[in-house]
Structure formats: C-alpha cells, structure tokens
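Structure file work-v8.cif; described as mmCIF, C-alpha atoms and all ligand atoms.
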data_coords
#
loop_
_atom_site.label_atom_id
_atom_site.label_comp_id
_atom_site.auth_asym_id
_atom_site.auth_seq_id
_atom_site.Cartn_x
_atom_site.Cartn_y
_atom_site.Cartn_z
CA MET A 9 0.00 0.00 0.00
CA LEU A 10 2.70 2.50 1.02
CA SER A 11 4.79 1.77 -2.09
CA GLN A 12 1.99 3.07 -4.36
CA LYS A 13 2.00 6.34 -2.48
CA ILE A 14 5.69 7.14 -2.87
CA TYR A 15 6.42 9.77 -5.51
CA SER A 16 10.05 10.12 -4.42
CA GLN A 17 12.24 9.45 -1.42
CA PHE A 18 14.57 11.41 0.82
CA PRO A 19 17.42 10.72 1.02
CA ASN A 20 17.96 9.41 -2.50
CA THR A 21 20.97 8.19 -4.45
CA VAL A 22 21.45 11.48 -6.32
CA HIS A 23 21.35 13.54 -3.09
CA ASP A 24 18.42 15.77 -4.04
CA ALA A 25 17.51 18.40 -1.42
CA LEU A 26 14.22 17.65 0.34
CA SER A 27 12.92 21.11 -0.62
CA LYS A 28 13.51 20.28 -4.30
CA LEU A 29 11.67 16.97 -3.97
CA THR A 30 8.69 18.55 -2.20
CA HIS A 31 8.49 21.41 -4.71
CA ASP A 32 8.57 18.90 -7.61
CA LEU A 33 5.86 16.91 -5.85
CA TYR A 34 3.66 20.00 -5.56
CA VAL A 35 4.02 20.78 -9.26
CA ASN A 36 3.30 17.17 -10.25
CA GLN A 37 0.35 16.71 -7.88
CA GLN A 38 -1.36 19.83 -9.21
CA GLN A 39 -1.37 18.16 -12.64
CA GLN A 40 -2.47 14.76 -11.39
CA TRP A 41 -4.96 15.65 -8.67
CA PRO A 42 -7.86 18.00 -9.55
CA LEU A 43 -8.81 18.60 -5.90
CA LEU A 44 -5.38 20.09 -5.22
CA ALA A 45 -5.44 22.13 -8.44
CA ASP A 46 -8.80 23.56 -7.33
CA GLY A 47 -7.49 24.34 -3.85
CA VAL A 48 -4.45 26.15 -5.23
CA SER A 49 -6.42 28.18 -7.78
CA ALA A 50 -8.99 29.12 -5.08
CA LEU A 51 -6.10 30.63 -3.12
CA GLU A 52 -5.62 33.22 -5.85
CA ASN A 53 -9.03 34.64 -5.00
CA VAL A 54 -8.82 34.68 -1.21
CA GLN A 55 -9.25 38.09 0.36
CA THR A 56 -6.87 39.36 3.00
CA ARG A 57 -6.75 42.42 5.20
CA VAL A 58 -4.50 43.67 7.96
CA VAL A 59 -5.88 44.42 11.44
CA ASP A 60 -3.78 46.82 13.49
CA CYS A 61 -3.95 45.60 17.09
CA GLY A 62 -1.77 48.33 18.61
CA THR A 63 1.56 46.77 19.54
CA PHE A 64 1.20 44.14 16.81
CA SER A 65 -0.91 43.51 13.75
CA VAL A 66 -2.41 40.41 12.17
CA ARG A 67 -3.37 39.45 8.65
CA LEU A 68 -6.86 38.02 8.13
CA GLN A 69 -7.41 35.52 5.32
CA TYR A 70 -10.96 34.83 4.13
CA ASN A 71 -10.61 31.26 2.89
CA PRO A 72 -13.89 29.32 2.50
CA LYS A 73 -12.10 26.03 1.78
CA ARG A 74 -10.70 25.98 5.31
CA ILE A 75 -14.16 25.39 6.83
CA VAL A 76 -13.47 21.66 7.11
CA SER A 77 -10.34 22.17 9.16
CA THR A 78 -11.39 25.22 11.19
CA GLY A 79 -14.77 23.74 12.03
CA ALA A 80 -13.45 20.18 12.52
CA LYS A 81 -14.91 18.11 15.31
CA VAL A 82 -11.88 17.02 17.28
CA ASP A 83 -13.54 15.48 20.36
CA THR A 84 -12.63 11.89 21.14
CA ALA A 85 -16.00 10.42 20.09
CA SER A 86 -16.04 12.17 16.70
CA ILE A 87 -12.43 11.15 16.03
CA LYS A 88 -13.22 7.50 16.80
CA GLU A 89 -16.19 7.49 14.43
CA ARG A 90 -14.45 8.87 11.38
CA LYS A 91 -12.06 7.11 9.03
CA CYS A 92 -8.58 8.56 9.61
CA PHE A 93 -7.80 10.74 6.60
CA LEU A 94 -4.03 10.57 7.15
CA CYS A 95 -3.70 6.79 7.16
CA VAL A 96 -1.94 5.62 3.99
CA GLY A 97 -4.79 3.27 3.07
CA ASN A 98 -7.34 6.11 3.18
CA LEU A 99 -5.51 8.69 1.07
CA PRO A 100 -7.23 9.72 -2.19
CA ASP A 101 -6.17 7.61 -5.19
CA GLU A 102 -4.31 10.49 -6.84
CA GLN A 103 -2.37 11.49 -3.76
CA GLN A 104 1.33 10.66 -3.50
CA GLY A 105 4.13 11.97 -1.32
CA VAL A 106 7.83 12.21 -0.61
CA LEU A 107 8.89 9.50 1.82
CA PHE A 108 11.13 11.12 4.45
CA LYS A 109 13.62 8.79 6.10
CA GLU A 110 11.16 5.89 5.70
CA LYS A 111 9.01 7.28 8.51
CA PHE A 112 7.01 10.26 7.27
CA LEU A 113 5.20 11.03 4.03
CA VAL A 114 5.28 14.65 2.84
CA LEU A 115 1.87 15.24 1.24
CA CYS A 116 0.27 18.23 -0.49
CA ASN A 117 -2.59 19.77 1.50
CA PRO A 118 -5.59 20.04 -0.87
CA MET A 119 -7.14 22.85 1.23
CA PRO A 120 -4.08 25.10 1.38
CA ILE A 121 -3.55 28.30 3.34
CA PHE A 122 -0.32 28.91 1.38
CA LYS A 123 0.61 28.43 -2.24
CA GLU A 124 2.64 25.40 -1.17
CA HIS A 125 1.23 23.80 1.95
CA PHE A 126 2.29 20.34 3.06
CA THR A 127 1.05 17.84 5.60
CA ILE A 128 3.87 15.60 6.82
CA SER A 129 2.23 12.50 8.08
CA HIS A 130 3.72 9.51 9.92
CA VAL A 131 3.41 6.28 7.93
CA ASP A 132 1.82 4.61 10.97
CA HIS A 133 -1.35 5.56 12.82
CA ILE A 134 0.26 6.77 16.06
CA PRO A 135 -0.98 9.63 18.28
CA GLN A 136 0.04 13.26 17.76
CA SER A 137 2.94 13.96 20.14
CA ILE A 138 5.92 16.21 19.53
CA GLU A 139 8.26 15.08 22.29
CA GLU A 140 8.94 11.68 20.73
CA GLN A 141 9.36 13.19 17.29
CA ILE A 142 11.32 16.34 18.10
CA LEU A 143 14.48 15.10 16.35
CA THR A 144 12.46 14.46 13.19
CA PHE A 145 10.95 17.95 13.52
CA LEU A 146 14.46 19.45 13.73
CA ALA A 147 15.68 17.33 10.81
CA LEU A 148 12.71 18.45 8.70
CA ALA A 149 13.34 22.11 9.57
CA LYS A 150 16.93 21.74 8.40
CA GLU A 151 16.27 19.70 5.28
CA LEU A 152 13.36 21.88 4.14
CA SER A 153 15.33 25.12 4.62
CA PRO A 154 15.63 27.68 3.18
CA MET A 155 12.36 27.24 1.26
CA TYR A 156 9.99 26.07 3.96
CA SER A 157 9.33 26.20 7.70
CA VAL A 158 7.76 23.32 9.55
CA PHE A 159 5.04 23.54 12.19
CA TYR A 160 3.22 21.43 14.74
CA ASN A 161 -0.21 21.69 16.32
CA GLY A 162 -0.75 19.85 19.58
CA PRO A 163 -3.48 17.19 19.76
CA LYS A 164 -5.65 19.55 21.80
CA CYS A 165 -4.83 22.85 20.15
CA GLY A 166 -5.29 22.79 16.44
CA ALA A 167 -4.46 19.33 15.07
CA SER A 168 -7.42 18.18 12.99
CA ALA A 169 -6.10 14.59 13.25
CA PRO A 170 -5.07 14.36 16.93
CA ASP A 171 -4.90 10.58 16.60
CA HIS A 172 -2.41 10.53 13.73
CA MET A 173 1.09 12.01 14.10
CA HIS A 174 1.71 14.81 11.61
CA PHE A 175 3.55 18.07 11.03
CA GLN A 176 2.94 20.70 8.36
CA ALA A 177 5.18 22.91 6.24
CA SER A 178 4.74 26.31 4.61
CA PRO A 179 6.93 28.67 2.57
CA THR A 180 9.40 30.34 4.95
CA GLY A 181 8.38 33.78 6.19
CA LEU A 182 4.67 33.60 5.33
CA ILE A 183 3.60 33.13 8.95
CA PRO A 184 4.01 36.72 10.23
CA VAL A 185 5.61 35.74 13.57
CA GLU A 186 8.62 34.38 11.67
CA HIS A 187 9.84 37.88 10.85
CA GLU A 188 7.96 39.94 13.47
CA ILE A 189 9.79 38.48 16.45
CA VAL A 190 13.25 39.45 15.25
CA GLU A 191 13.06 42.95 16.78
CA ARG A 192 11.09 41.84 19.83
CA MET A 193 13.01 38.94 21.31
CA GLU A 194 14.26 39.26 24.88
CA MET A 195 16.78 36.63 25.93
CA LYS A 196 15.99 35.23 29.38
CA LYS A 197 18.59 32.51 29.77
CA GLN A 198 21.03 30.26 28.02
CA ILE A 199 21.15 26.49 28.45
CA GLY A 200 24.13 24.78 26.90
CA GLY A 201 24.42 26.54 23.59
CA VAL A 202 20.69 27.30 23.35
CA SER A 203 19.17 30.71 24.04
CA VAL A 204 15.72 30.94 25.62
CA SER A 205 13.82 34.14 24.81
CA THR A 206 10.37 35.67 25.16
CA VAL A 207 8.72 38.10 22.78
CA LYS A 208 7.62 41.46 24.12
CA ASP A 209 4.38 43.33 23.33
CA TYR A 210 3.03 40.49 21.27
CA GLY A 211 -0.25 39.72 23.04
CA ARG A 212 0.51 35.98 23.13
CA SER A 213 2.74 33.75 25.29
CA VAL A 214 5.76 32.76 23.27
CA ILE A 215 9.10 31.14 24.06
CA VAL A 216 11.79 31.04 21.40
CA LEU A 217 14.66 28.56 21.46
CA GLU A 218 17.70 29.10 19.24
CA GLY A 219 20.76 26.89 18.96
CA ASP A 220 23.24 25.48 16.48
CA THR A 221 23.43 21.87 17.72
CA GLU A 222 20.54 19.50 17.08
CA GLN A 223 21.06 17.61 20.31
CA ASP A 224 21.24 20.74 22.49
CA VAL A 225 18.06 22.14 20.93
CA GLU A 226 16.35 18.78 21.49
CA LEU A 227 17.39 18.65 25.16
CA THR A 228 16.37 22.24 25.84
CA PHE A 229 13.01 21.67 24.15
CA LEU A 230 12.43 18.62 26.37
CA ARG A 231 13.41 20.66 29.44
CA LEU A 232 10.89 23.27 28.32
CA THR A 233 8.06 20.75 27.95
CA ARG A 234 8.91 19.27 31.35
CA ALA A 235 8.72 22.75 32.92
CA MET A 236 5.42 23.35 31.11
CA ARG A 237 4.01 20.09 32.52
CA LEU A 238 4.98 21.11 36.05
CA VAL A 239 3.62 24.64 35.87
CA MET A 240 0.50 23.77 33.88
CA ASN A 241 -0.07 20.81 36.18
CA THR A 242 -0.78 18.18 33.54
CA ASN A 243 0.40 14.70 32.64
CA GLU A 244 -0.73 15.14 29.06
CA GLU A 245 1.27 16.97 26.46
CA PRO A 246 1.05 20.68 27.38
CA LYS A 247 -0.97 22.62 24.83
CA MET A 248 1.34 24.21 22.29
CA ASN A 249 1.94 25.21 18.70
CA VAL A 250 5.52 25.11 17.45
CA ILE A 251 7.01 26.71 14.33
CA GLY A 252 10.51 25.51 13.42
CA SER A 253 13.04 26.83 10.95
CA PHE A 254 16.74 26.59 10.17
CA ALA A 255 18.92 29.39 8.82
CA GLN A 256 22.63 30.20 8.91
CA GLY A 257 23.43 27.14 10.95
CA LEU A 258 20.84 27.92 13.60
CA TRP A 259 17.60 26.14 14.52
CA ARG A 260 14.81 28.34 15.79
CA LEU A 261 11.75 26.98 17.56
CA ILE A 262 8.90 29.41 18.22
CA VAL A 263 6.71 27.84 20.90
CA PHE A 264 3.25 29.30 21.57
CA ILE A 265 2.05 28.15 24.96
CA ARG A 266 -1.69 27.71 25.10
CA SER A 267 -4.32 27.59 27.81
CA LYS A 268 -7.03 26.34 25.46
CA HIS A 269 -7.75 25.55 21.83
CA ARG A 270 -10.88 27.45 20.86
CA PRO A 271 -12.12 30.81 22.20
CA ALA A 272 -15.61 31.24 23.69
CA VAL A 273 -16.87 33.04 20.56
CA PHE A 274 -16.32 29.83 18.57
CA PHE A 275 -19.03 28.12 20.61
CA LYS A 276 -21.65 30.88 20.46
CA GLU A 277 -24.86 30.47 18.49
CA GLY A 278 -26.06 32.24 15.36
CA ASN A 279 -24.53 35.56 14.38
CA ASP A 280 -22.46 35.84 17.57
CA LYS A 281 -20.48 32.76 16.62
CA ILE A 282 -17.06 33.56 15.15
CA LEU A 283 -15.42 30.68 13.33
CA ILE A 284 -11.82 31.22 14.41
CA SER A 285 -10.00 28.16 15.71
CA PRO A 286 -6.41 29.17 16.37
CA ALA A 287 -3.64 26.76 15.40
CA SER A 288 0.01 27.58 14.55
CA VAL A 289 -0.75 29.73 11.52
CA ASP A 290 -3.47 31.78 13.24
CA ILE A 291 -1.66 32.27 16.53
CA GLY A 292 1.39 33.11 14.39
CA GLY A 293 -0.45 36.14 13.00
CA LEU A 294 -2.25 34.88 9.88
CA VAL A 295 -5.82 34.41 11.06
CA VAL A 296 -7.99 32.26 8.79
CA THR A 297 -11.72 33.02 8.65
CA PRO A 298 -13.65 30.52 6.50
CA LEU A 299 -16.85 32.63 6.75
CA GLU A 300 -17.14 35.94 4.94
CA LYS A 301 -19.16 37.61 7.70
CA ASP A 302 -16.38 36.89 10.21
CA PHE A 303 -13.79 38.30 7.82
CA HIS A 304 -15.64 41.64 7.87
CA ILE A 305 -16.63 41.68 11.56
CA VAL A 306 -13.34 40.80 13.21
CA ASP A 307 -11.58 43.80 14.72
CA ALA A 308 -8.53 44.56 16.83
CA GLU A 309 -10.28 44.12 20.17
CA MET A 310 -11.63 40.74 19.15
CA ILE A 311 -8.20 39.53 18.03
CA ARG A 312 -6.51 40.78 21.22
CA ASN A 313 -9.19 39.06 23.32
CA ILE A 314 -8.98 35.76 21.43
CA TYR A 315 -5.19 35.68 21.65
CA GLU A 316 -5.27 36.47 25.36
CA GLU A 317 -7.98 33.90 26.02
CA VAL A 318 -6.20 30.99 24.33
CA SER A 319 -2.68 31.84 25.61
CA LEU A 320 -1.14 30.94 28.93
CA THR A 321 -0.88 33.93 31.30
CA ARG A 322 2.31 35.99 31.32
CA GLU A 323 2.79 35.11 35.00
CA LEU A 324 2.78 31.36 34.32
CA LEU A 325 4.99 31.88 31.28
CA ASN A 326 7.61 33.51 33.52
CA THR A 327 7.37 30.65 36.01
CA ILE A 328 7.97 28.16 33.17
CA ILE A 329 11.09 30.06 32.11
CA GLU A 330 12.38 29.99 35.69
CA LYS A 331 11.90 26.22 35.86
CA ILE A 332 13.51 25.27 32.53
ZN ZN B 401 -4.37 7.45 10.76
#

Could you write out this structure as structure tokens?
Ligand SMILES: [Zn+2]
Amino acid sequence: MLSQKIYSQFPNTVHDALSKLTHDLYVNQQQQWPLLADGVSALENVQTRVVDCGTFSVRLQYNPKRIVSTGAKVDTASIKERKCFLCVGNLPDEQQGVLFKEKFLVLCNPMPIFKEHFTISHVDHIPQSIEEQILTFLALAKELSPMYSVFYNGPKCGASAPDHMHFQASPTGLIPVEHEIVERMEMKKQIGGVSVSTVKDYGRSVIVLEGDTEQDVELTFLRLTRAMRLVMNTNEEPKMNVIGSFAQGLWRLIVFIRSKHRPAVFFKEGNDKILISPASVDIGGLVVTPLEKDFHIVDAEMIRNIYEEVSLTRELLNTIIEKI
C-alpha cells in the first residue's frame, strides 16, 4: 500500500535536497490531482486584510475552503467514528508523497492556506505527540530550509487529526511571527548553547529557542516541555503550537504556549459565533476566517481578546522560564 504512495524518497541516491523533492511533488500533484489544483487556484481569489492591534498587527485571510479544518470536530467520540484521513490506506487515489527517512510522508494539503502547503504525516497511525518526534521535527526544519518552515499543532490545540502524528510545512516567512519576532526577542537565559527568549508586546505567550546543535536544541526543548508540565499541572502533552526553521546554521523553535484551543466566541450560536480556531498559523499572525461575515466583523479588540484567552498567562509563562 505504502509503495503506491511514494512519488520520491529522501534521502535518495542522487542527493536531491528535500525542498527540491517537495516542490517537484507539488508541481506534479497539481497536474495529477484535480482537488489540489482547485485548492491552489482558489487561493488566488482569497481576500486578506490587515488588522492593526496596537503593539502588533495580524493578517486576516478569508478562505472558505478551510471550513473543514477550522470547524473540525476534534472530540474523542467524533475522532473514533471517522475514518482517519491521514492513514496511507485512506488517502485519495491520486495522492502521493515524498517518503522522508522511511518514517514520514510529505503530502500536499488540498485545502491550502499557502501556495505550497504540506502535511507531513507519519506512515503509521500513532498519536500526535511532539516530544517523541522532536528530532524528526528538527531534521525536517533543516532539510526543508531555506524554502519552507515546519510547524506542529498539539493534539488539543489545532491538530485536525489528533490521533495521527503529523507536522505541516509552509513557505518560509509567510507566517508573520517568523519575521515579526526578530526585533522583539528578549533573551531570558542560556542552556548549553541554546538561548531561551520571550517576545515582548506580542499579546501571546511565546518562548523562542535558538541553537546550532541539534542535540542541544532537542534537550532544551524537552526541558521546556517538562517545565510546562509542572507549571501547567498536567500529565498530558502541554498545549502548544511550534514553528521551526533553520537558517545560517541555527535552529529556531517558536513555541506558543496555550491555555485552550478554541475561544468562547467559537461556541456561540447564530450571528455571535465567530469561526476562528487558532492553530500555529493563526496564533502566528495569519488568522484564517472561513466565513465571509467573520472576515468583515473581526476587529482589533476581538483579536486581542482571542489571543489572550487561548494563551497561557504571562505570570505562568515567567514561572515556566524559571523552571527550565
Ligand atoms: Zn491514521
């Protein structure tokens, strides 16, 4: 079954870069798979607008095709009932991917937010969990650079398949936080060769790790998640979204620490309901609204409130940093 789904492999005998293989895949799949071609051409017509929120701004994207993901039922019962759409045996006939180190399949997302938008799905049906896969996440960030960044949504804050391990990738720099934090980072400590920073005046709780050695970044990330578990008082994976990139020999992990997945306005009835369900891209400053009325209604106050509501408090964020 898997063999039919492999368009190419990384690594391969001619040492192609992963970013070349994934770009070639995207071009080929648009020719072979009408659903993807539709999704990509629909992107040309999406509307966007910038909302100035005072100390930061966000970009809204009105993207009707995202309704499936934004509105997805992710409760345990609904997940058990549905056929897992990331399992190799359930992929659409036309869909193929780049097999990464025999463990993950890089697939084109047919409902894209970006012109090239990938889902990087484990070949086995195992639960979404970043700690066990952090080395793969770092390897992907490096191998996909400089063209793409990789991101992760926790099983309870944005993953639409919380039961099937997956990452995503997008063209580098298109999630606003990737460039906005550069001027705002405040280094709090250094562990081994890895710097631990926060981001000031950003309206969200963010910790940024930067380091030039894979193993040191891995260890610091695991120290961070352990501190998060302690402070957030949970045995489960602490709620987080992570955006990873690699440039000039340095890994950078932007970790958004979350108190909850969906804001109260998501659960309201009728016209009061706002269909915003923040995952990495949204909390990173590109807020997707699948409904046109929301695209027009949303204002700065609403964005600031949603971000505050779904983020861990500043006080707890500081305690986490102390305990890393
Ligand atoms: Zn699955």

Extract, using all atoms listed in the file, all DNA, RNA and protein residues at most 9 Å from region 300-317 of chain A, discarding same-chain residues fewer than 5 positions from it, and format them as an mmCIF file with C-alpha atoms, in the coordinates of the input.
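Written output follows (selection-v4.cif):
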data_model
loop_
_atom_site.group_PDB
_atom_site.id
_atom_site.type_symbol
_atom_site.label_atom_id
_atom_site.label_comp_id
_atom_site.auth_asym_id
_atom_site.auth_seq_id
_atom_site.Cartn_x
_atom_site.Cartn_y
_atom_site.Cartn_z
ATOM 1 C CA GLN A 55 -9.250 38.090 0.360
ATOM 2 C CA THR A 56 -6.870 39.360 3.000
ATOM 3 C CA ARG A 57 -6.750 42.420 5.200
ATOM 4 C CA VAL A 59 -5.880 44.420 11.440
ATOM 5 C CA ASP A 60 -3.780 46.820 13.490
ATOM 6 C CA CYS A 61 -3.950 45.600 17.090
ATOM 7 C CA GLY A 62 -1.770 48.330 18.610
ATOM 8 C CA SER A 65 -0.910 43.510 13.750
ATOM 9 C CA VAL A 66 -2.410 40.410 12.170
ATOM 10 C CA LEU A 68 -6.860 38.020 8.130
ATOM 11 C CA GLN A 69 -7.410 35.520 5.320
ATOM 12 C CA TYR A 70 -10.960 34.830 4.130
ATOM 13 C CA ASN A 71 -10.610 31.260 2.890
ATOM 14 C CA PRO A 72 -13.890 29.320 2.500
ATOM 15 C CA GLY A 211 -0.250 39.720 23.040
ATOM 16 C CA ARG A 212 0.510 35.980 23.130
ATOM 17 C CA SER A 213 2.740 33.750 25.290
ATOM 18 C CA ARG A 266 -1.690 27.710 25.100
ATOM 19 C CA SER A 267 -4.320 27.590 27.810
ATOM 20 C CA LYS A 268 -7.030 26.340 25.460
ATOM 21 C CA ARG A 270 -10.880 27.450 20.860
ATOM 22 C CA PRO A 271 -12.120 30.810 22.200
ATOM 23 C CA ALA A 272 -15.610 31.240 23.690
ATOM 24 C CA VAL A 273 -16.870 33.040 20.560
ATOM 25 C CA ASN A 279 -24.530 35.560 14.380
ATOM 26 C CA LYS A 281 -20.480 32.760 16.620
ATOM 27 C CA ILE A 282 -17.060 33.560 15.150
ATOM 28 C CA LEU A 283 -15.420 30.680 13.330
ATOM 29 C CA ILE A 284 -11.820 31.220 14.410
ATOM 30 C CA PRO A 286 -6.410 29.170 16.370
ATOM 31 C CA ILE A 291 -1.660 32.270 16.530
ATOM 32 C CA VAL A 295 -5.820 34.410 11.060
#

Legend entry - Option closest in space to Ala169 (chain A), from A:Asp83, A:Asp280, A:Asp46, A:Glu191 [counting all atoms listed in the file]: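 Of all the options, A:Asp83 lies closest to Ala169 (chain A).
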
Legend entry - Surroundings of ligand ZN 401 (chain B) up to 12 Å, based on all atoms listed in the file, as a VMD selection string: chain A and resid 87 to 88 90 to 99 129 to 136 168 to 174

Inset, instruction - Find, counting all atoms listed in the file, the residue in A:Leu113, A:Ile142, A:Met119, A:Val82 that gets nearest to Pro42 (chain A). - result: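 Distance minimum relative to Pro42 (chain A) lands on A:Met119.
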
Inset, instruction - Write out as a list in words each polymer residue whose atoms come within 8 Å of region 194-206 of chain A, counting all atoms listed in the file; drop sequence neighbours fewer than 3 positions from it. - result: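 Listing them by chain and then by number gives Ser213, Val214, Ile215, Val216, Leu217, Glu218, Gly219, Asp220, Thr221, Asp224, Val225, Thr228 and Ile329 of chain A.
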
Legend entry - Nearest residue to Lys208 (chain A) from the set A:Arg322, A:Arg260, A:His187, A:Lys111 (distances using all atoms listed in the file): A:Arg322

Legend entry - Residue with smallest distance to Leu152 (chain A) - pool A:His23, A:Lys13, A:Lys81, A:Lys28, counting all atoms listed in the file: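 Residue with the minimum atom-to-atom distance to Leu152 (chain A): A:Lys28.
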
Legend entry - Atomic separation - CA of Glu139 (chain A) relative to CA of Glu330 (chain A), Å: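 If I compute the distance from CA of Glu330 (chain A) to CA of Glu139 (chain A), I get 20.5 Å.
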
Inset, instruction - Find the distance between CA of Thr21 (chain A) and CA of Lys109 (chain A) and write it in Å to one decimal. - result: 12.9 Å
